[in-house]
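Structure file coords.pdb; described as PDB, N, CA and C atoms.
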```
ATOM      1  N   MET A   1      75.094 -71.600  31.597  1.00  0.00           N
ATOM      2  CA  MET A   1      74.774 -72.546  30.542  1.00  0.00           C
ATOM      3  C   MET A   1      74.347 -73.854  31.190  1.00  0.00           C
ATOM      4  N   LEU A   2      73.229 -74.352  30.745  1.00  0.00           N
ATOM      5  CA  LEU A   2      72.721 -75.637  31.215  1.00  0.00           C
ATOM      6  C   LEU A   2      73.355 -76.758  30.417  1.00  0.00           C
ATOM      7  N   SER A   3      73.533 -77.903  31.045  1.00  0.00           N
ATOM      8  CA  SER A   3      74.106 -79.058  30.372  1.00  0.00           C
ATOM      9  C   SER A   3      73.255 -80.273  30.709  1.00  0.00           C
ATOM     10  N   ILE A   4      72.718 -80.951  29.675  1.00  0.00           N
ATOM     11  CA  ILE A   4      71.896 -82.129  29.904  1.00  0.00           C
ATOM     12  C   ILE A   4      72.291 -83.231  28.926  1.00  0.00           C
ATOM     13  N   GLY A   5      71.926 -84.441  29.272  1.00  0.00           N
ATOM     14  CA  GLY A   5      72.163 -85.579  28.406  1.00  0.00           C
ATOM     15  C   GLY A   5      70.985 -85.841  27.493  1.00  0.00           C
ATOM     16  N   ILE A   6      71.205 -86.726  26.548  1.00  0.00           N
ATOM     17  CA  ILE A   6      70.148 -87.043  25.581  1.00  0.00           C
ATOM     18  C   ILE A   6      68.970 -87.725  26.264  1.00  0.00           C
ATOM     19  N   GLY A   7      69.251 -88.594  27.208  1.00  0.00           N
ATOM     20  CA  GLY A   7      68.181 -89.290  27.921  1.00  0.00           C
ATOM     21  C   GLY A   7      67.289 -88.336  28.672  1.00  0.00           C
ATOM     22  N   GLU A   8      67.888 -87.357  29.347  1.00  0.00           N
ATOM     23  CA  GLU A   8      67.097 -86.355  30.068  1.00  0.00           C
ATOM     24  C   GLU A   8      66.231 -85.552  29.111  1.00  0.00           C
ATOM     25  N   LEU A   9      66.803 -85.246  27.955  1.00  0.00           N
ATOM     26  CA  LEU A   9      66.061 -84.474  26.954  1.00  0.00           C
ATOM     27  C   LEU A   9      64.876 -85.265  26.424  1.00  0.00           C
ATOM     28  N   GLN A  10      65.068 -86.575  26.217  1.00  0.00           N
ATOM     29  CA  GLN A  10      63.975 -87.417  25.730  1.00  0.00           C
ATOM     30  C   GLN A  10      62.857 -87.536  26.758  1.00  0.00           C
ATOM     31  N   LYS A  11      63.216 -87.556  28.033  1.00  0.00           N
ATOM     32  CA  LYS A  11      62.210 -87.662  29.088  1.00  0.00           C
ATOM     33  C   LYS A  11      61.432 -86.366  29.267  1.00  0.00           C
ATOM     34  N   ASN A  12      62.100 -85.234  29.052  1.00  0.00           N
ATOM     35  CA  ASN A  12      61.469 -83.949  29.332  1.00  0.00           C
ATOM     36  C   ASN A  12      61.732 -82.987  28.173  1.00  0.00           C
ATOM     37  N   ILE A  13      60.996 -83.137  27.091  1.00  0.00           N
ATOM     38  CA  ILE A  13      61.171 -82.317  25.891  1.00  0.00           C
ATOM     39  C   ILE A  13      60.659 -80.898  26.103  1.00  0.00           C
ATOM     40  N   SER A  14      59.876 -80.674  27.169  1.00  0.00           N
ATOM     41  CA  SER A  14      59.343 -79.340  27.429  1.00  0.00           C
ATOM     42  C   SER A  14      60.420 -78.364  27.889  1.00  0.00           C
ATOM     43  N   ILE A  15      61.632 -78.833  28.031  1.00  0.00           N
ATOM     44  CA  ILE A  15      62.754 -77.952  28.372  1.00  0.00           C
ATOM     45  C   ILE A  15      62.881 -76.839  27.337  1.00  0.00           C
ATOM     46  N   PHE A  16      62.604 -77.150  26.096  1.00  0.00           N
ATOM     47  CA  PHE A  16      62.739 -76.175  25.015  1.00  0.00           C
ATOM     48  C   PHE A  16      61.728 -75.031  25.124  1.00  0.00           C
ATOM     49  N   GLN A  17      60.569 -75.291  25.699  1.00  0.00           N
ATOM     50  CA  GLN A  17      59.544 -74.256  25.781  1.00  0.00           C
ATOM     51  C   GLN A  17      59.926 -73.129  26.727  1.00  0.00           C
ATOM     52  N   ASN A  18      60.626 -73.445  27.779  1.00  0.00           N
ATOM     53  CA  ASN A  18      60.946 -72.450  28.800  1.00  0.00           C
ATOM     54  C   ASN A  18      62.431 -72.109  28.811  1.00  0.00           C
ATOM     55  N   LEU A  19      63.087 -72.239  27.708  1.00  0.00           N
ATOM     56  CA  LEU A  19      64.523 -72.026  27.630  1.00  0.00           C
ATOM     57  C   LEU A  19      64.858 -70.538  27.733  1.00  0.00           C
ATOM     58  N   THR A  20      65.693 -70.195  28.706  1.00  0.00           N
ATOM     59  CA  THR A  20      66.095 -68.802  28.882  1.00  0.00           C
ATOM     60  C   THR A  20      67.591 -68.607  28.737  1.00  0.00           C
ATOM     61  N   GLU A  21      68.361 -69.686  28.758  1.00  0.00           N
ATOM     62  CA  GLU A  21      69.803 -69.577  28.582  1.00  0.00           C
ATOM     63  C   GLU A  21      70.281 -70.690  27.648  1.00  0.00           C
ATOM     64  N   ILE A  22      71.532 -70.663  27.286  1.00  0.00           N
ATOM     65  CA  ILE A  22      72.084 -71.639  26.342  1.00  0.00           C
ATOM     66  C   ILE A  22      72.041 -73.028  26.955  1.00  0.00           C
ATOM     67  N   LEU A  23      71.642 -73.999  26.158  1.00  0.00           N
ATOM     68  CA  LEU A  23      71.538 -75.386  26.595  1.00  0.00           C
ATOM     69  C   LEU A  23      72.560 -76.212  25.823  1.00  0.00           C
ATOM     70  N   GLU A  24      73.387 -76.949  26.545  1.00  0.00           N
ATOM     71  CA  GLU A  24      74.384 -77.814  25.915  1.00  0.00           C
ATOM     72  C   GLU A  24      73.911 -79.248  26.051  1.00  0.00           C
ATOM     73  N   ILE A  25      73.830 -79.948  24.935  1.00  0.00           N
ATOM     74  CA  ILE A  25      73.426 -81.352  24.942  1.00  0.00           C
ATOM     75  C   ILE A  25      74.703 -82.174  24.810  1.00  0.00           C
ATOM     76  N   VAL A  26      74.946 -83.040  25.796  1.00  0.00           N
ATOM     77  CA  VAL A  26      76.189 -83.813  25.823  1.00  0.00           C
ATOM     78  C   VAL A  26      75.902 -85.304  25.823  1.00  0.00           C
ATOM     79  N   ASP A  27      76.870 -86.059  25.340  1.00  0.00           N
ATOM     80  CA  ASP A  27      76.834 -87.510  25.421  1.00  0.00           C
ATOM     81  C   ASP A  27      77.452 -87.870  26.768  1.00  0.00           C
ATOM     82  N   LYS A  28      76.669 -88.459  27.652  1.00  0.00           N
ATOM     83  CA  LYS A  28      77.120 -88.714  29.023  1.00  0.00           C
ATOM     84  C   LYS A  28      78.252 -89.740  29.085  1.00  0.00           C
ATOM     85  N   ARG A  29      78.314 -90.669  28.141  1.00  0.00           N
ATOM     86  CA  ARG A  29      79.375 -91.682  28.172  1.00  0.00           C
ATOM     87  C   ARG A  29      80.724 -91.108  27.785  1.00  0.00           C
ATOM     88  N   THR A  30      80.755 -90.357  26.689  1.00  0.00           N
ATOM     89  CA  THR A  30      82.032 -89.829  26.194  1.00  0.00           C
ATOM     90  C   THR A  30      82.317 -88.411  26.664  1.00  0.00           C
ATOM     91  N   LYS A  31      81.352 -87.800  27.334  1.00  0.00           N
ATOM     92  CA  LYS A  31      81.482 -86.414  27.808  1.00  0.00           C
ATOM     93  C   LYS A  31      81.749 -85.436  26.662  1.00  0.00           C
ATOM     94  N   GLN A  32      81.267 -85.753  25.472  1.00  0.00           N
ATOM     95  CA  GLN A  32      81.444 -84.908  24.297  1.00  0.00           C
ATOM     96  C   GLN A  32      80.198 -84.058  24.087  1.00  0.00           C
ATOM     97  N   PRO A  33      80.375 -82.774  23.830  1.00  0.00           N
ATOM     98  CA  PRO A  33      79.188 -81.950  23.509  1.00  0.00           C
ATOM     99  C   PRO A  33      78.660 -82.300  22.121  1.00  0.00           C
ATOM    100  N   LEU A  34      77.353 -82.483  22.022  1.00  0.00           N
ATOM    101  CA  LEU A  34      76.721 -82.836  20.750  1.00  0.00           C
ATOM    102  C   LEU A  34      76.088 -81.634  20.080  1.00  0.00           C
ATOM    103  N   ALA A  35      75.481 -80.760  20.864  1.00  0.00           N
ATOM    104  CA  ALA A  35      74.786 -79.616  20.284  1.00  0.00           C
ATOM    105  C   ALA A  35      74.640 -78.525  21.332  1.00  0.00           C
ATOM    106  N   PHE A  36      74.499 -77.306  20.823  1.00  0.00           N
ATOM    107  CA  PHE A  36      74.179 -76.151  21.652  1.00  0.00           C
ATOM    108  C   PHE A  36      72.853 -75.599  21.157  1.00  0.00           C
ATOM    109  N   VAL A  37      71.943 -75.352  22.076  1.00  0.00           N
ATOM    110  CA  VAL A  37      70.625 -74.833  21.727  1.00  0.00           C
ATOM    111  C   VAL A  37      70.505 -73.457  22.354  1.00  0.00           C
ATOM    112  N   TYR A  38      70.190 -72.478  21.528  1.00  0.00           N
ATOM    113  CA  TYR A  38      70.055 -71.104  21.986  1.00  0.00           C
ATOM    114  C   TYR A  38      68.586 -70.730  22.050  1.00  0.00           C
ATOM    115  N   PRO A  39      68.174 -69.974  23.064  1.00  0.00           N
ATOM    116  CA  PRO A  39      66.769 -69.539  23.124  1.00  0.00           C
ATOM    117  C   PRO A  39      66.489 -68.539  22.010  1.00  0.00           C
ATOM    118  N   ILE A  40      65.260 -68.558  21.517  1.00  0.00           N
ATOM    119  CA  ILE A  40      64.902 -67.631  20.450  1.00  0.00           C
ATOM    120  C   ILE A  40      64.683 -66.252  21.035  1.00  0.00           C
ATOM    121  N   GLN A  41      64.992 -65.267  20.250  1.00  0.00           N
ATOM    122  CA  GLN A  41      64.770 -63.883  20.650  1.00  0.00           C
ATOM    123  C   GLN A  41      63.418 -63.472  20.088  1.00  0.00           C
ATOM    124  N   LYS A  42      62.493 -63.135  20.938  1.00  0.00           N
ATOM    125  CA  LYS A  42      61.150 -62.767  20.485  1.00  0.00           C
ATOM    126  C   LYS A  42      61.133 -61.284  20.163  1.00  0.00           C
ATOM    127  N   GLN A  43      61.643 -60.951  18.995  1.00  0.00           N
ATOM    128  CA  GLN A  43      61.673 -59.586  18.537  1.00  0.00           C
ATOM    129  C   GLN A  43      61.023 -59.524  17.161  1.00  0.00           C
ATOM    130  N   VAL A  44      60.534 -58.368  16.821  1.00  0.00           N
ATOM    131  CA  VAL A  44      59.977 -58.177  15.494  1.00  0.00           C
ATOM    132  C   VAL A  44      61.143 -57.914  14.548  1.00  0.00           C
ATOM    133  N   MET A  45      61.381 -58.832  13.638  1.00  0.00           N
ATOM    134  CA  MET A  45      62.534 -58.737  12.750  1.00  0.00           C
ATOM    135  C   MET A  45      62.224 -57.975  11.469  1.00  0.00           C
ATOM    136  N   THR A  46      60.950 -57.745  11.175  1.00  0.00           N
ATOM    137  CA  THR A  46      60.612 -57.135   9.891  1.00  0.00           C
ATOM    138  C   THR A  46      61.164 -55.725   9.758  1.00  0.00           C
ATOM    139  N   THR A  47      61.138 -54.954  10.819  1.00  0.00           N
ATOM    140  CA  THR A  47      61.642 -53.584  10.708  1.00  0.00           C
ATOM    141  C   THR A  47      63.144 -53.560  10.524  1.00  0.00           C
ATOM    142  N   SER A  48      63.854 -54.468  11.178  1.00  0.00           N
ATOM    143  CA  SER A  48      65.305 -54.475  11.014  1.00  0.00           C
ATOM    144  C   SER A  48      65.706 -55.050   9.660  1.00  0.00           C
ATOM    145  N   LEU A  49      64.919 -55.965   9.112  1.00  0.00           N
ATOM    146  CA  LEU A  49      65.241 -56.551   7.818  1.00  0.00           C
ATOM    147  C   LEU A  49      64.823 -55.655   6.655  1.00  0.00           C
ATOM    148  N   ALA A  50      63.861 -54.796   6.878  1.00  0.00           N
ATOM    149  CA  ALA A  50      63.355 -53.954   5.798  1.00  0.00           C
ATOM    150  C   ALA A  50      64.377 -52.916   5.360  1.00  0.00           C
ATOM    151  N   GLY A  51      65.177 -52.422   6.283  1.00  0.00           N
ATOM    152  CA  GLY A  51      66.204 -51.453   5.939  1.00  0.00           C
ATOM    153  C   GLY A  51      65.630 -50.167   5.397  1.00  0.00           C
ATOM    154  N   LYS A  52      66.169 -49.718   4.270  1.00  0.00           N
ATOM    155  CA  LYS A  52      65.754 -48.426   3.724  1.00  0.00           C
ATOM    156  C   LYS A  52      64.370 -48.466   3.085  1.00  0.00           C
ATOM    157  N   TYR A  53      63.791 -49.651   2.881  1.00  0.00           N
ATOM    158  CA  TYR A  53      62.493 -49.764   2.233  1.00  0.00           C
ATOM    159  C   TYR A  53      61.332 -49.810   3.226  1.00  0.00           C
ATOM    160  N   LYS A  54      61.595 -49.743   4.531  1.00  0.00           N
ATOM    161  CA  LYS A  54      60.524 -49.916   5.504  1.00  0.00           C
ATOM    162  C   LYS A  54      59.453 -48.838   5.429  1.00  0.00           C
ATOM    163  N   ASN A  55      59.784 -47.644   4.951  1.00  0.00           N
ATOM    164  CA  ASN A  55      58.789 -46.580   4.848  1.00  0.00           C
ATOM    165  C   ASN A  55      58.094 -46.564   3.491  1.00  0.00           C
ATOM    166  N   ARG A  56      58.546 -47.358   2.559  1.00  0.00           N
ATOM    167  CA  ARG A  56      57.959 -47.370   1.214  1.00  0.00           C
ATOM    168  C   ARG A  56      56.769 -48.308   1.088  1.00  0.00           C
ATOM    169  N   VAL A  57      56.702 -49.314   1.908  1.00  0.00           N
ATOM    170  CA  VAL A  57      55.626 -50.296   1.831  1.00  0.00           C
ATOM    171  C   VAL A  57      54.564 -49.934   2.858  1.00  0.00           C
ATOM    172  N   PRO A  58      53.338 -49.666   2.399  1.00  0.00           N
ATOM    173  CA  PRO A  58      52.291 -49.318   3.370  1.00  0.00           C
ATOM    174  C   PRO A  58      51.870 -50.548   4.173  1.00  0.00           C
ATOM    175  N   LEU A  59      51.544 -50.344   5.435  1.00  0.00           N
ATOM    176  CA  LEU A  59      51.072 -51.433   6.271  1.00  0.00           C
ATOM    177  C   LEU A  59      49.662 -51.820   5.875  1.00  0.00           C
ATOM    178  N   SER A  60      49.365 -53.076   5.929  1.00  0.00           N
ATOM    179  CA  SER A  60      48.053 -53.579   5.546  1.00  0.00           C
ATOM    180  C   SER A  60      47.143 -53.651   6.762  1.00  0.00           C
ATOM    181  N   THR A  61      45.869 -53.367   6.540  1.00  0.00           N
ATOM    182  CA  THR A  61      44.883 -53.483   7.614  1.00  0.00           C
ATOM    183  C   THR A  61      44.113 -54.794   7.514  1.00  0.00           C
ATOM    184  N   LEU A  62      44.441 -55.610   6.509  1.00  0.00           N
ATOM    185  CA  LEU A  62      43.764 -56.887   6.318  1.00  0.00           C
ATOM    186  C   LEU A  62      44.352 -57.944   7.234  1.00  0.00           C
ATOM    187  N   SER A  63      43.533 -58.931   7.570  1.00  0.00           N
ATOM    188  CA  SER A  63      44.032 -60.055   8.356  1.00  0.00           C
ATOM    189  C   SER A  63      44.773 -61.007   7.416  1.00  0.00           C
ATOM    190  N   ILE A  64      45.513 -61.921   7.992  1.00  0.00           N
ATOM    191  CA  ILE A  64      46.285 -62.871   7.184  1.00  0.00           C
ATOM    192  C   ILE A  64      45.357 -63.770   6.366  1.00  0.00           C
ATOM    193  N   GLU A  65      44.188 -64.093   6.903  1.00  0.00           N
ATOM    194  CA  GLU A  65      43.231 -64.918   6.173  1.00  0.00           C
ATOM    195  C   GLU A  65      42.689 -64.184   4.950  1.00  0.00           C
ATOM    196  N   GLN A  66      42.397 -62.898   5.097  1.00  0.00           N
ATOM    197  CA  GLN A  66      41.922 -62.115   3.964  1.00  0.00           C
ATOM    198  C   GLN A  66      42.996 -62.003   2.896  1.00  0.00           C
ATOM    199  N   ILE A  67      44.223 -61.827   3.299  1.00  0.00           N
ATOM    200  CA  ILE A  67      45.332 -61.743   2.348  1.00  0.00           C
ATOM    201  C   ILE A  67      45.482 -63.052   1.599  1.00  0.00           C
ATOM    202  N   LYS A  68      45.367 -64.187   2.302  1.00  0.00           N
ATOM    203  CA  LYS A  68      45.462 -65.502   1.658  1.00  0.00           C
ATOM    204  C   LYS A  68      44.350 -65.687   0.635  1.00  0.00           C
ATOM    205  N   GLU A  69      43.120 -65.313   1.017  1.00  0.00           N
ATOM    206  CA  GLU A  69      41.984 -65.469   0.107  1.00  0.00           C
ATOM    207  C   GLU A  69      42.150 -64.622  -1.148  1.00  0.00           C
ATOM    208  N   GLU A  70      42.591 -63.385  -0.977  1.00  0.00           N
ATOM    209  CA  GLU A  70      42.789 -62.503  -2.130  1.00  0.00           C
ATOM    210  C   GLU A  70      43.895 -63.008  -3.052  1.00  0.00           C
ATOM    211  N   SER A  71      44.975 -63.475  -2.468  1.00  0.00           N
ATOM    212  CA  SER A  71      46.073 -63.964  -3.304  1.00  0.00           C
ATOM    213  C   SER A  71      45.684 -65.252  -4.016  1.00  0.00           C
ATOM    214  N   PHE A  72      44.897 -66.123  -3.360  1.00  0.00           N
ATOM    215  CA  PHE A  72      44.428 -67.345  -4.005  1.00  0.00           C
ATOM    216  C   PHE A  72      43.490 -67.013  -5.162  1.00  0.00           C
ATOM    217  N   ALA A  73      42.581 -66.071  -4.944  1.00  0.00           N
ATOM    218  CA  ALA A  73      41.653 -65.684  -6.010  1.00  0.00           C
ATOM    219  C   ALA A  73      42.407 -65.084  -7.187  1.00  0.00           C
ATOM    220  N   LYS A  74      43.414 -64.263  -6.906  1.00  0.00           N
ATOM    221  CA  LYS A  74      44.196 -63.661  -7.985  1.00  0.00           C
ATOM    222  C   LYS A  74      44.987 -64.720  -8.754  1.00  0.00           C
ATOM    223  N   ALA A  75      45.554 -65.689  -8.036  1.00  0.00           N
ATOM    224  CA  ALA A  75      46.303 -66.761  -8.690  1.00  0.00           C
ATOM    225  C   ALA A  75      45.397 -67.605  -9.578  1.00  0.00           C
ATOM    226  N   MET A  76      44.188 -67.921  -9.106  1.00  0.00           N
ATOM    227  CA  MET A  76      43.250 -68.706  -9.905  1.00  0.00           C
ATOM    228  C   MET A  76      42.779 -67.922 -11.120  1.00  0.00           C
ATOM    229  N   GLU A  77      42.615 -66.616 -10.963  1.00  0.00           N
ATOM    230  CA  GLU A  77      42.209 -65.771 -12.080  1.00  0.00           C
ATOM    231  C   GLU A  77      43.301 -65.741 -13.149  1.00  0.00           C
ATOM    232  N   GLU A  78      44.552 -65.648 -12.718  1.00  0.00           N
ATOM    233  CA  GLU A  78      45.658 -65.645 -13.684  1.00  0.00           C
ATOM    234  C   GLU A  78      45.802 -67.005 -14.369  1.00  0.00           C
ATOM    235  N   LYS A  79      45.564 -68.064 -13.617  1.00  0.00           N
ATOM    236  CA  LYS A  79      45.741 -69.407 -14.170  1.00  0.00           C
ATOM    237  C   LYS A  79      44.598 -69.790 -15.123  1.00  0.00           C
ATOM    238  N   TYR A  80      43.355 -69.509 -14.729  1.00  0.00           N
ATOM    239  CA  TYR A  80      42.201 -69.988 -15.488  1.00  0.00           C
ATOM    240  C   TYR A  80      41.456 -68.882 -16.220  1.00  0.00           C
ATOM    241  N   GLY A  81      41.911 -67.662 -16.116  1.00  0.00           N
ATOM    242  CA  GLY A  81      41.240 -66.570 -16.804  1.00  0.00           C
ATOM    243  C   GLY A  81      40.237 -65.868 -15.904  1.00  0.00           C
ATOM    244  N   SER A  82      39.637 -64.851 -16.431  1.00  0.00           N
ATOM    245  CA  SER A  82      38.700 -64.028 -15.669  1.00  0.00           C
ATOM    246  C   SER A  82      37.478 -64.845 -15.281  1.00  0.00           C
ATOM    247  N   SER A  83      37.016 -64.653 -14.042  1.00  0.00           N
ATOM    248  CA  SER A  83      35.849 -65.400 -13.565  1.00  0.00           C
ATOM    249  C   SER A  83      34.548 -64.648 -13.817  1.00  0.00           C
ATOM    250  N   SER A  84      34.607 -63.472 -14.373  1.00  0.00           N
ATOM    251  CA  SER A  84      33.379 -62.704 -14.597  1.00  0.00           C
ATOM    252  C   SER A  84      32.843 -62.881 -15.993  1.00  0.00           C
TER     253      SER A  84
END
```
Using the file provided, produce a representation of the structure as structure tokens.
Amino acid sequence: MLSIGIGELQKNISIFQNLTEILEIVDKRTKQPLAFVYPIQKQVMTTSLAGKYKNRVPLSTLSIEQIKEESFAKAMEEKYGSSS
């Protein structure tokens, strides 16, 4: 576990980008721990969160931009009526 002070963190905020182990942020004057920062786990959480429904929802071949455009068009159609 790494231990750093607030001043060190302010000088070098890029510590968070390369974090591989638990980081303890302490107050150097009182020697009190202020926070613990854990590195993120880069895993795909959708399959574990889907549970028993993961096989019921078909995967989409559309990009996120296409999905946004379609949902926006559908929302505007519902709000203002048919555009045709």
Skip segment 16-21 of chain A itself and residues of its chain fewer than 4 positions away, then list as a PyMOL selection string all residues within 7 Å of it, counting all atoms listed in the file. chain A and resi 1-2+12+37-40
Could you pull out the residues in chain A that DSSP calls helix (DSSP H, G or I) from the backbone, as an NGL selection string? :A and (6-11 or 13-16 or 46-53 or 64-80)
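Our summary of the geometry notes that atom CA of Leu62 of chain A is positioned 18.1 Å from atom CA of Ala75 of chain A.
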Please list as a VMD selection string every residue within 6.5 Å of Ile25 of chain A, counting only N, CA and C atoms and excluding residues in the same chain fewer than 2 positions away. chain A and resid 2 to 6 23 27 32 to 37
Identify all residues of chain A in strand (DSSP E) (DSSP on the backbone) and supply them as an MDAnalysis selection string. chainID A and resid 2:5 23:27 32:37
Prev. selection, N, CA and C atoms, output as a short mmCIF file (atom, residue, chain, number, x, y, z; two decimals), in the frame of the given file:
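Result written to selection_16.cif:
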```cif
data_model
loop_
_atom_site.label_atom_id
_atom_site.label_comp_id
_atom_site.auth_asym_id
_atom_site.auth_seq_id
_atom_site.Cartn_x
_atom_site.Cartn_y
_atom_site.Cartn_z
N LEU A 2 73.23 -74.35 30.74
CA LEU A 2 72.72 -75.64 31.22
C LEU A 2 73.36 -76.76 30.42
N SER A 3 73.53 -77.90 31.04
CA SER A 3 74.11 -79.06 30.37
C SER A 3 73.26 -80.27 30.71
N ILE A 4 72.72 -80.95 29.68
CA ILE A 4 71.90 -82.13 29.90
C ILE A 4 72.29 -83.23 28.93
N GLY A 5 71.93 -84.44 29.27
CA GLY A 5 72.16 -85.58 28.41
C GLY A 5 70.98 -85.84 27.49
N LEU A 23 71.64 -74.00 26.16
CA LEU A 23 71.54 -75.39 26.60
C LEU A 23 72.56 -76.21 25.82
N GLU A 24 73.39 -76.95 26.54
CA GLU A 24 74.38 -77.81 25.92
C GLU A 24 73.91 -79.25 26.05
N ILE A 25 73.83 -79.95 24.94
CA ILE A 25 73.43 -81.35 24.94
C ILE A 25 74.70 -82.17 24.81
N VAL A 26 74.95 -83.04 25.80
CA VAL A 26 76.19 -83.81 25.82
C VAL A 26 75.90 -85.30 25.82
N ASP A 27 76.87 -86.06 25.34
CA ASP A 27 76.83 -87.51 25.42
C ASP A 27 77.45 -87.87 26.77
N GLN A 32 81.27 -85.75 25.47
CA GLN A 32 81.44 -84.91 24.30
C GLN A 32 80.20 -84.06 24.09
N PRO A 33 80.38 -82.77 23.83
CA PRO A 33 79.19 -81.95 23.51
C PRO A 33 78.66 -82.30 22.12
N LEU A 34 77.35 -82.48 22.02
CA LEU A 34 76.72 -82.84 20.75
C LEU A 34 76.09 -81.63 20.08
N ALA A 35 75.48 -80.76 20.86
CA ALA A 35 74.79 -79.62 20.28
C ALA A 35 74.64 -78.53 21.33
N PHE A 36 74.50 -77.31 20.82
CA PHE A 36 74.18 -76.15 21.65
C PHE A 36 72.85 -75.60 21.16
N VAL A 37 71.94 -75.35 22.08
CA VAL A 37 70.62 -74.83 21.73
C VAL A 37 70.50 -73.46 22.35
#
```
In Å, how far is it from atom CA of Lys11 of chain A to atom CA of Lys28 of chain A? 14.9 Å
Atom CA of Glu70 of chain A to atom N of Tyr53 of chain A, distance in Å rounded to a single decimal: 25.1 Å
Using 4 Å of padding on each side, determine the axis-aligned box around all atoms of segment 57-64 of chain A present in the file and give its centre and edge lengths in Å to one decimal, as AutoDock Vina command-line options.
```
--center_x 50.1 --center_y -56.5 --center_z 5.1 --size_x 21.2 --size_y 22.5 --size_z 14.5
```
